[in-house]
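What follows is the content of structure.tsv, which has TSV, C-alpha atoms:
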```tsv
chain	number	residue	atom	x	y	z
B	1	MET	CA	14.35	6.91	-21.17
B	2	GLU	CA	17.17	8.76	-19.47
B	3	LYS	CA	16.79	11.66	-21.92
B	4	THR	CA	13.04	11.76	-21.24
B	5	GLU	CA	13.73	11.72	-17.51
B	6	ASN	CA	16.17	14.64	-17.75
B	7	LEU	CA	13.71	16.63	-19.81
B	8	LEU	CA	10.93	15.91	-17.33
B	9	VAL	CA	13.11	17.10	-14.44
B	10	GLN	CA	13.95	20.30	-16.32
B	11	GLN	CA	10.26	20.95	-16.97
B	12	LEU	CA	9.41	20.30	-13.32
B	13	LYS	CA	11.99	22.87	-12.26
B	14	ASP	CA	10.63	25.48	-14.68
B	15	SER	CA	7.63	27.31	-13.18
B	16	LYS	CA	6.08	27.79	-16.64
B	17	THR	CA	5.93	24.08	-17.37
B	18	SER	CA	5.98	22.59	-13.86
B	19	GLN	CA	2.27	21.92	-13.55
B	20	GLN	CA	2.00	20.03	-16.82
B	21	ALA	CA	5.25	18.20	-16.07
B	22	PHE	CA	3.90	17.24	-12.66
B	23	ARG	CA	0.81	15.80	-14.27
B	24	GLU	CA	3.02	13.69	-16.51
B	25	LEU	CA	5.14	12.60	-13.57
B	26	VAL	CA	2.08	11.45	-11.64
B	27	SER	CA	0.75	9.63	-14.67
B	28	LEU	CA	4.06	7.79	-15.15
B	29	TYR	CA	4.70	6.74	-11.55
B	30	LYS	CA	1.40	6.79	-9.65
B	31	GLU	CA	0.74	3.04	-9.73
B	32	ARG	CA	4.27	1.91	-9.01
B	33	LEU	CA	4.63	4.31	-6.11
B	34	TYR	CA	1.17	3.49	-4.80
B	35	TRP	CA	1.82	-0.25	-4.68
B	36	HIS	CA	5.23	0.30	-3.17
B	37	ILE	CA	3.64	2.34	-0.36
B	38	ARG	CA	0.70	-0.05	-0.04
B	39	ASN	CA	3.01	-3.02	0.44
B	40	ILE	CA	4.53	-1.21	3.41
B	41	VAL	CA	1.45	0.21	5.14
B	42	LYS	CA	-1.13	-2.36	3.87
B	43	ASN	CA	-4.14	-0.05	4.32
B	44	HIS	CA	-5.53	1.78	1.24
B	45	ASP	CA	-6.53	5.02	2.98
B	46	ASP	CA	-3.10	5.34	4.61
B	47	ALA	CA	-1.40	4.52	1.30
B	48	HIS	CA	-3.50	7.20	-0.44
B	49	ASP	CA	-2.49	9.87	2.10
B	50	ILE	CA	1.18	8.90	1.92
B	51	LEU	CA	1.11	8.82	-1.88
B	52	GLN	CA	-0.23	12.37	-2.00
B	53	ASN	CA	2.34	13.57	0.53
B	54	THR	CA	5.06	11.82	-1.48
B	55	PHE	CA	4.16	13.49	-4.77
B	56	ILE	CA	3.78	16.89	-3.13
B	57	LYS	CA	7.17	16.45	-1.47
B	58	ILE	CA	8.72	15.44	-4.81
B	59	PHE	CA	7.25	18.52	-6.49
B	60	ARG	CA	8.34	20.93	-3.74
B	61	ASN	CA	11.85	19.49	-3.51
B	62	ILE	CA	12.57	18.88	-7.19
B	63	ASP	CA	15.24	21.60	-7.11
B	64	GLN	CA	17.18	19.43	-4.67
B	65	PHE	CA	17.33	16.54	-7.14
B	66	LYS	CA	20.83	16.72	-8.55
B	67	GLY	CA	20.66	13.74	-10.88
B	68	ASP	CA	23.14	11.64	-8.88
B	69	SER	CA	20.68	8.78	-9.05
B	70	LYS	CA	17.76	8.03	-11.30
B	71	LEU	CA	14.61	10.09	-10.74
B	72	PHE	CA	12.74	6.85	-10.19
B	73	SER	CA	15.13	5.82	-7.37
B	74	TRP	CA	14.90	9.23	-5.72
B	75	MET	CA	11.09	9.14	-5.80
B	76	TYR	CA	10.98	5.60	-4.45
B	77	ARG	CA	13.30	6.63	-1.64
B	78	ILE	CA	10.98	9.49	-0.68
B	79	ALA	CA	7.98	7.15	-0.80
B	80	THR	CA	9.79	4.60	1.41
B	81	ASN	CA	10.82	7.23	3.94
B	82	GLU	CA	7.33	8.74	4.06
B	83	SER	CA	5.84	5.28	4.67
B	84	ILE	CA	8.28	4.43	7.45
B	85	THR	CA	7.81	7.85	9.06
B	86	PHE	CA	4.06	7.29	8.98
B	87	LEU	CA	4.38	3.92	10.72
B	88	ASN	CA	6.79	5.29	13.33
B	89	LYS	CA	4.45	8.18	14.11
B	90	LYS	CA	1.57	5.74	14.46
B	91	THR	CA	3.47	3.63	17.02
B	92	LYS	CA	4.24	6.76	19.04
B	93	ARG	CA	0.66	7.99	18.86
B	94	LEU	CA	-0.75	4.62	19.93
B	95	GLN	CA	2.12	4.05	22.38
B	96	ILE	CA	2.79	0.56	21.12
B	97	SER	CA	5.83	-1.18	19.67
B	98	SER	CA	6.34	-1.56	15.93
B	99	ASP	CA	5.78	-5.33	16.29
B	100	GLU	CA	2.45	-4.69	17.97
B	101	LEU	CA	1.53	-2.25	15.21
B	102	GLN	CA	2.40	-4.84	12.55
B	103	ASP	CA	0.22	-7.40	14.33
B	104	SER	CA	-2.63	-4.90	14.51
B	105	ILE	CA	-2.35	-4.03	10.81
B	106	ILE	CA	-2.31	-7.68	9.76
B	107	ASN	CA	-5.22	-8.55	12.05
B	108	ASN	CA	-7.27	-5.78	10.42
B	109	LEU	CA	-6.52	-7.08	6.93
B	110	GLU	CA	-9.06	-9.84	7.08
B	111	SER	CA	-11.91	-7.39	7.56
B	112	ASP	CA	-10.43	-4.77	5.20
B	113	VAL	CA	-12.76	-4.14	2.24
B	114	TYR	CA	-9.74	-3.46	0.04
B	115	PHE	CA	-8.15	-6.81	0.74
B	116	GLU	CA	-9.52	-9.65	-1.32
B	117	GLY	CA	-6.76	-12.09	-0.54
B	118	THR	CA	-7.19	-15.80	-0.06
B	119	GLU	CA	-6.19	-17.60	3.11
B	120	ILE	CA	-2.72	-18.28	1.75
B	121	GLN	CA	-2.30	-14.62	0.74
B	122	LEU	CA	-3.26	-13.54	4.25
B	123	LYS	CA	-0.82	-16.07	5.67
B	124	LEU	CA	1.88	-14.71	3.37
B	125	GLN	CA	1.23	-11.19	4.71
B	126	LYS	CA	1.59	-12.53	8.25
B	127	ALA	CA	4.84	-14.20	7.26
B	128	ILE	CA	6.17	-10.97	5.75
B	129	ALA	CA	5.12	-9.02	8.86
B	130	SER	CA	7.23	-11.39	10.98
B	131	LEU	CA	10.41	-10.30	9.15
B	132	PRO	CA	12.65	-7.41	10.20
B	133	ARG	CA	11.70	-4.19	8.44
B	134	LYS	CA	14.61	-4.16	5.98
B	135	GLN	CA	13.91	-7.74	4.91
B	136	GLN	CA	10.24	-6.88	4.46
B	137	GLN	CA	11.19	-4.00	2.15
B	138	VAL	CA	13.59	-6.11	0.10
B	139	PHE	CA	11.12	-8.96	-0.19
B	140	ASN	CA	8.22	-6.72	-1.24
B	141	MET	CA	10.32	-4.87	-3.81
B	142	LYS	CA	11.79	-8.02	-5.30
B	143	TYR	CA	8.83	-10.38	-5.08
B	144	PHE	CA	5.74	-8.24	-5.57
B	145	GLU	CA	7.13	-5.18	-7.33
B	146	GLU	CA	9.61	-7.23	-9.41
B	147	LEU	CA	12.37	-4.66	-9.20
B	148	LYS	CA	15.91	-5.65	-10.16
B	149	TYR	CA	18.57	-5.91	-7.47
B	150	ARG	CA	20.39	-3.01	-9.12
B	151	GLU	CA	17.29	-0.83	-8.81
B	152	ILE	CA	16.63	-1.88	-5.21
B	153	ALA	CA	20.28	-1.19	-4.35
B	154	ASP	CA	19.90	2.32	-5.76
B	155	ILE	CA	16.70	2.98	-3.83
B	156	LEU	CA	17.85	1.58	-0.48
B	157	GLU	CA	21.43	2.78	-1.00
B	158	THR	CA	22.92	-0.57	-0.18
B	159	SER	CA	24.97	-3.14	-2.10
B	160	GLU	CA	23.47	-5.74	-4.40
B	161	GLY	CA	25.27	-8.50	-2.52
B	162	ALA	CA	23.72	-7.46	0.78
B	163	LEU	CA	20.32	-7.34	-0.89
B	164	LYS	CA	20.68	-10.80	-2.36
B	165	ALA	CA	21.62	-12.18	1.04
B	166	SER	CA	18.75	-10.31	2.69
B	167	TYR	CA	16.25	-11.63	0.15
B	168	HIS	CA	17.56	-15.17	0.48
B	169	ILE	CA	17.14	-15.08	4.27
B	170	ALA	CA	13.66	-13.54	3.91
B	171	VAL	CA	12.54	-16.32	1.60
B	172	LYS	CA	13.84	-18.98	3.98
B	173	LYS	CA	12.00	-17.43	6.89
B	174	ILE	CA	8.77	-17.12	4.92
B	175	GLU	CA	9.06	-20.71	3.80
B	176	GLU	CA	9.51	-21.81	7.40
B	177	PHE	CA	6.61	-19.67	8.61
B	178	LEU	CA	4.22	-21.05	6.00
B	179	LYS	CA	5.19	-24.61	6.77
B	180	THR	CA	4.78	-24.26	10.52
B	181	ASN	CA	1.62	-22.11	10.58
V	1	MET	CA	48.74	-3.64	-10.62
V	2	LYS	CA	49.91	-6.81	-12.26
V	3	GLU	CA	47.39	-9.54	-11.64
V	4	GLU	CA	48.91	-12.65	-10.22
V	5	LYS	CA	47.16	-15.84	-11.15
V	6	ILE	CA	47.74	-19.27	-9.80
V	7	PRO	CA	49.46	-21.08	-12.72
V	8	TYR	CA	47.38	-23.87	-14.22
V	9	HIS	CA	49.15	-26.86	-15.49
V	10	GLY	CA	47.08	-29.17	-17.66
V	11	ALA	CA	49.33	-32.04	-16.83
V	12	SER	CA	46.94	-33.79	-14.43
V	13	GLY	CA	45.01	-35.28	-17.38
V	14	PHE	CA	41.56	-34.31	-16.09
V	15	LYS	CA	39.03	-32.77	-18.49
V	16	VAL	CA	35.85	-30.67	-18.04
V	17	PRO	CA	32.72	-30.46	-20.18
V	18	SER	CA	32.76	-27.89	-22.94
V	19	GLY	CA	31.80	-24.38	-21.68
V	20	TYR	CA	31.71	-25.59	-18.08
V	21	PHE	CA	33.40	-22.54	-16.59
V	22	ASP	CA	31.55	-20.10	-18.88
V	23	ASN	CA	28.16	-20.47	-17.18
V	24	LEU	CA	29.31	-21.48	-13.72
V	25	GLU	CA	28.41	-18.17	-12.04
V	26	ASP	CA	24.86	-18.17	-13.37
V	27	HIS	CA	24.42	-21.81	-12.51
V	28	LEU	CA	25.58	-21.34	-8.94
V	29	CYS	CA	23.55	-18.17	-8.44
V	30	ASP	CA	20.44	-19.93	-9.69
V	31	LYS	CA	21.03	-22.77	-7.30
V	32	VAL	CA	21.70	-20.58	-4.32
V	33	PHE	CA	19.52	-17.58	-5.02
V	34	ASN	CA	16.63	-18.88	-7.08
V	35	GLU	CA	14.24	-18.32	-4.27
V	36	GLU	CA	11.28	-18.05	-6.58
V	37	LYS	CA	11.59	-21.76	-7.30
V	38	GLN	CA	11.66	-22.44	-3.59
V	39	LEU	CA	8.51	-20.41	-3.12
V	40	ASP	CA	6.86	-22.11	-6.09
V	41	LYS	CA	7.35	-25.43	-4.37
V	42	ILE	CA	5.16	-24.29	-1.48
V	43	ALA	CA	2.67	-22.52	-3.79
V	44	VAL	CA	3.21	-19.00	-2.53
V	45	PRO	CA	0.94	-16.56	-4.40
V	46	THR	CA	2.57	-13.95	-6.60
V	47	LYS	CA	-0.03	-11.29	-5.76
V	48	ALA	CA	-0.47	-9.65	-2.36
V	49	GLY	CA	-4.28	-9.61	-2.49
V	50	PHE	CA	-4.69	-5.87	-2.13
V	51	LYS	CA	-7.23	-3.97	-4.23
V	52	VAL	CA	-8.14	-0.33	-4.76
V	53	PRO	CA	-11.46	1.51	-5.08
V	54	GLU	CA	-12.92	1.52	-8.56
V	55	ALA	CA	-11.33	4.08	-10.90
V	56	TYR	CA	-8.96	5.14	-8.11
V	57	PHE	CA	-6.04	5.81	-10.45
V	58	ASP	CA	-8.12	7.52	-13.16
V	59	HIS	CA	-8.36	10.94	-11.49
V	60	LEU	CA	-5.29	10.94	-9.30
V	61	GLU	CA	-3.49	13.45	-11.53
V	62	ASP	CA	-6.32	15.96	-11.19
V	63	VAL	CA	-6.41	15.57	-7.40
V	64	LEU	CA	-2.67	16.07	-7.02
V	65	VAL	CA	-2.39	18.96	-9.51
V	66	GLU	CA	-5.18	20.68	-7.56
V	67	LYS	CA	-3.19	20.25	-4.34
V	68	ILE	CA	0.04	21.72	-5.67
V	69	ALA	CA	-1.82	24.54	-7.35
V	70	HIS	CA	-3.34	25.63	-4.04
V	71	LYS	CA	-0.27	24.65	-1.99
V	72	GLN	CA	-2.36	22.64	0.44
V	73	PRO	CA	-0.57	21.74	3.67
V	74	ARG	CA	0.67	18.23	4.44
V	75	LEU	CA	-2.08	15.77	5.21
V	76	ILE	CA	-2.02	14.87	8.85
V	77	LYS	CA	-4.60	12.50	10.17
V	78	ILE	CA	-6.15	13.81	13.35
V	79	ASN	CA	-8.10	11.59	15.60
V	80	PHE	CA	-10.84	14.14	16.34
V	81	ARG	CA	-12.59	12.03	18.94
V	82	LYS	CA	-9.43	11.61	21.00
V	83	THR	CA	-8.62	15.33	20.73
V	84	PHE	CA	-12.14	16.15	21.92
V	85	TYR	CA	-11.84	13.86	24.94
V	86	TYR	CA	-8.48	15.38	25.89
V	87	ALA	CA	-9.96	18.89	25.66
V	88	ALA	CA	-12.99	17.85	27.73
V	89	ALA	CA	-10.71	16.32	30.39
V	90	VAL	CA	-8.65	19.51	30.61
V	91	ALA	CA	-11.82	21.61	30.92
V	92	ALA	CA	-13.18	19.31	33.64
V	93	ILE	CA	-9.93	19.53	35.61
V	94	PHE	CA	-9.99	23.32	35.33
V	95	VAL	CA	-13.62	23.50	36.53
V	96	GLY	CA	-12.81	21.14	39.39
V	97	LEU	CA	-9.81	23.22	40.43
V	98	TYR	CA	-11.79	26.44	40.21
V	99	THR	CA	-14.65	25.18	42.35
V	100	THR	CA	-12.32	23.74	45.01
V	101	VAL	CA	-8.94	25.47	45.16
V	102	PHE	CA	-10.07	28.94	44.13
V	103	THR	CA	-13.08	29.01	46.42
V	104	LEU	CA	-11.17	27.86	49.53
V	105	GLY	CA	-11.50	30.28	52.46
V	106	ASN	CA	-14.71	31.74	51.17
V	107	GLU	CA	-16.87	29.36	53.09
V	108	GLN	CA	-18.84	30.91	55.95
V	109	SER	CA	-18.47	29.17	59.25
V	110	ALA	CA	-21.61	28.18	60.98
V	111	SER	CA	-22.46	29.82	64.31
V	112	TRP	CA	-25.05	29.36	67.00
V	113	ASP	CA	-26.94	32.30	65.55
V	114	ASP	CA	-27.79	30.15	62.58
V	115	VAL	CA	-29.31	27.43	64.70
V	116	GLU	CA	-33.10	27.53	65.05
V	117	LEU	CA	-34.47	27.42	68.62
V	118	SER	CA	-36.80	24.59	67.73
V	119	ALA	CA	-33.78	22.52	66.65
V	120	ILE	CA	-32.08	23.17	69.97
V	121	GLU	CA	-35.23	22.34	71.94
V	122	GLN	CA	-35.57	19.11	70.01
V	123	TYR	CA	-31.94	18.32	70.67
V	124	ILE	CA	-32.45	18.84	74.42
V	125	ASP	CA	-35.74	16.93	74.51
V	126	ASP	CA	-34.04	14.01	72.81
V	127	GLY	CA	-31.65	13.94	75.77
V	128	TYR	CA	-28.48	14.73	73.86
V	129	ILE	CA	-27.64	17.48	76.34
V	130	ASP	CA	-28.06	17.25	80.09
V	131	LEU	CA	-29.64	20.51	81.18
V	132	SER	CA	-31.65	21.04	84.36
V	133	ASP	CA	-34.79	23.17	84.30
V	134	THR	CA	-32.98	25.93	86.16
V	135	GLU	CA	-30.18	25.99	83.66
V	136	PHE	CA	-32.62	26.06	80.79
V	137	SER	CA	-34.75	28.79	82.25
V	138	ASN	CA	-31.68	30.88	82.77
V	139	MET	CA	-31.28	31.10	79.05
V	140	ILE	CA	-32.77	34.21	77.60
V	141	ILE	CA	-34.68	33.70	74.42
V	142	GLU	CA	-35.24	36.57	72.02
V	143	ASP	CA	-36.83	36.30	68.59
V	144	GLY	CA	-36.45	32.53	68.69
V	145	TYR	CA	-32.68	32.63	69.27
V	146	ILE	CA	-30.80	32.10	72.52
V	147	VAL	CA	-29.17	35.26	73.74
V	148	GLU	CA	-25.85	34.58	75.38
V	149	GLU	CA	-24.76	36.21	78.62
V	150	SER	CA	-21.75	37.69	76.96
V	151	ASP	CA	-24.03	39.79	74.81
V	152	PHE	CA	-24.93	41.78	77.93
V	153	ALA	CA	-21.35	42.79	78.48
V	154	THR	CA	-21.48	44.98	75.40
V	155	MET	CA	-24.79	46.61	76.27
V	156	SER	CA	-24.71	50.15	77.55
V	157	SER	CA	-26.61	51.10	80.77
V	158	GLU	CA	-28.67	53.60	78.78
V	159	ALA	CA	-29.94	50.82	76.53
V	160	VAL	CA	-30.87	48.74	79.56
V	161	PHE	CA	-32.85	51.55	81.19
V	162	GLU	CA	-34.55	52.28	77.89
V	163	TYR	CA	-35.59	48.66	77.57
V	164	LEU	CA	-36.89	48.48	81.12
V	165	ASP	CA	-38.78	51.73	80.65
V	166	GLU	CA	-40.53	50.42	77.58
V	167	ASN	CA	-41.20	46.89	78.71
V	168	VAL	CA	-41.61	46.88	82.48
V	169	GLU	CA	-45.05	48.07	83.69
V	170	ASP	CA	-44.31	48.35	87.38
V	171	PRO	CA	-41.33	50.61	87.92
V	172	SER	CA	-41.06	49.51	91.52
V	173	PHE	CA	-39.10	46.46	90.36
V	174	ILE	CA	-36.36	48.69	89.08
V	175	LEU	CA	-36.16	50.66	92.28
V	176	GLU	CA	-35.92	47.55	94.40
```
Rewrite the coordinates I just gave you, this time as structure tokens.
Amino acid sequence: MEKTENLLVQQLKDSKTSQQAFRELVSLYKERLYWHIRNIVKNHDDAHDILQNTFIKIFRNIDQFKGDSKLFSWMYRIATNESITFLNKKTKRLQISSDELQDSIINNLESDVYFEGTEIQLKLQKAIASLPRKQQQVFNMKYFEELKYREIADILETSEGALKASYHIAVKKIEEFLKTN
Amino acid sequence: MKEEKIPYHGASGFKVPSGYFDNLEDHLCDKVFNEEKQLDKIAVPTKAGFKVPEAYFDHLEDVLVEKIAHKQPRLIKINFRKTFYYAAAVAAIFVGLYTTVFTLGNEQSASWDDVELSAIEQYIDDGYIDLSDTEFSNMIIEDGYIVEESDFATMSSEAVFEYLDENVEDPSFILE
């Protein structure tokens, strides 16, 4: 896999093969990146816009990828940053706090045509929204995206121990929220 | 660096199950960090409940390849309605300023010349002004407007004689 990844990066950097390589890159990572973004912003249309911006950013900045981390981690990092930037810009535009934005997003979920969750799934989203942003990220990546701690550590550039503690606290809080609400 | 270990003496006589220390880390981590089991106890769903439009992922490559091929700019959502309202507000403020601030000083002040005689007569008849008959008759009316005494100060004597010549039938009045 690592050899394939290196070859893909080389082809992306070569103008003769970049377009075909980009198509392959999208094909390989589109769903994983989409769901990663979707778990952060919740709304499909927003996730679609951010996904496009993410892939375009990856393509335009591929020369800056030095191979210090896995390509996958680098792409996830870009997707995470694009999602957070989007949310921050939205709070500024609407002149509300990030907590208020989270509440607004969750309240809109029930009537969202691209949310077919049950009552408990909606409650779970509310519980996740009540967590600090970092804990939300860790929980989503571990629980829904089923990434390994090692992979999450690489993406968020933090230690595995800190992640395990963060995830443990997140689970406790979610458990408490679901029991009391 | 030479590792220093606390010496273990088996002299206490205690024993442990076979392989006890071999799996201790995994066992403890499962106990402390096996959050999935905790969540299973309260039946937390494993899916978020989100869905996508039909065939959304099928053509994504084509859409994105098209974008990089034409180097389309970054997608920025614009709330057109809000932008329109802001522009309309700015235009309204500008119009308001223009019609008030920029037209100040251009207003013409009203004068008695603009007042119709009939309006003045009505005003007097209604008793708003206390004028005796003598005072009223002393006012000279010309072309429906009151002529003020001060107007005579600017009249030349030639103009007066010309007027009298044309309008007075009996010249003996002038001579007296």
From the set V:Val16, V:Ala55, V:Ile68, V:Val90, which residue has the shortest atom-to-atom contact distance to chain B, counting all atoms listed in the file? V:Ile68
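Here CA of Arg77 in chain B and CA of Asp154 in chain B stand 8.9 Å from one another.
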Given only C-alpha atoms, how would the per-residue table for chain B near chain V read, listing every residue at most 7 Å away with its closest atom pair and distance in Å to one decimal, sorted by chain and number, as CSV?
```
residue,atom,partner,partner_atom,distance
B:Gln19,CA,V:Val65,CA,6.8
B:Arg23,CA,V:Glu61,CA,5.6
B:Val26,CA,V:Glu61,CA,5.9
B:Ser27,CA,V:Glu61,CA,6.5
B:His44,CA,V:Val52,CA,6.9
B:Asp49,CA,V:Leu75,CA,6.7
B:Gln52,CA,V:Leu64,CA,6.7
B:Asn53,CA,V:Arg74,CA,6.3
B:Ile56,CA,V:Ile68,CA,6.6
B:Tyr114,CA,V:Lys51,CA,5.0
B:Phe115,CA,V:Phe50,CA,4.6
B:Glu116,CA,V:Gly49,CA,5.4
B:Gly117,CA,V:Gly49,CA,4.0
B:Gln121,CA,V:Ala48,CA,6.1
B:Phe144,CA,V:Lys47,CA,6.5
B:His168,CA,V:Phe33,CA,6.3
B:Val171,CA,V:Glu35,CA,6.4
B:Glu175,CA,V:Leu39,CA,6.9
```
If you count all atoms listed in the file, which residues fall within 9 Å of Phe55 in chain B, apart from same-chain ones fewer than 3 positions away, as a PyMOL selection string? (chain B and resi 22+25-26+30+50-52+58-60+75+78-79) or (chain V and resi 64)
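In this structure, CA of Phe177 in chain B sits 5.9 Å away from CA of Ala127 in chain B.
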Would you mind telling me which residue in B:Asn6, B:Thr80, B:Thr91, B:Ser15 lies nearest to Met141 in chain B when using all atoms listed in the file? B:Thr80
Separation of CA of Tyr86 in chain V from CA of Ala47 in chain B in Å: 27.8 Å
Smallest atom-to-atom distance to Gly161 in chain B: which of B:Trp35, B:Tyr149, B:Tyr76, B:Phe65, using all atoms listed in the file? B:Tyr149
Residue with smallest distance to Ser73 in chain B - pool B:Asn181, B:Ala153, B:Leu12, B:Lys42, counting only C-alpha atoms: B:Ala153
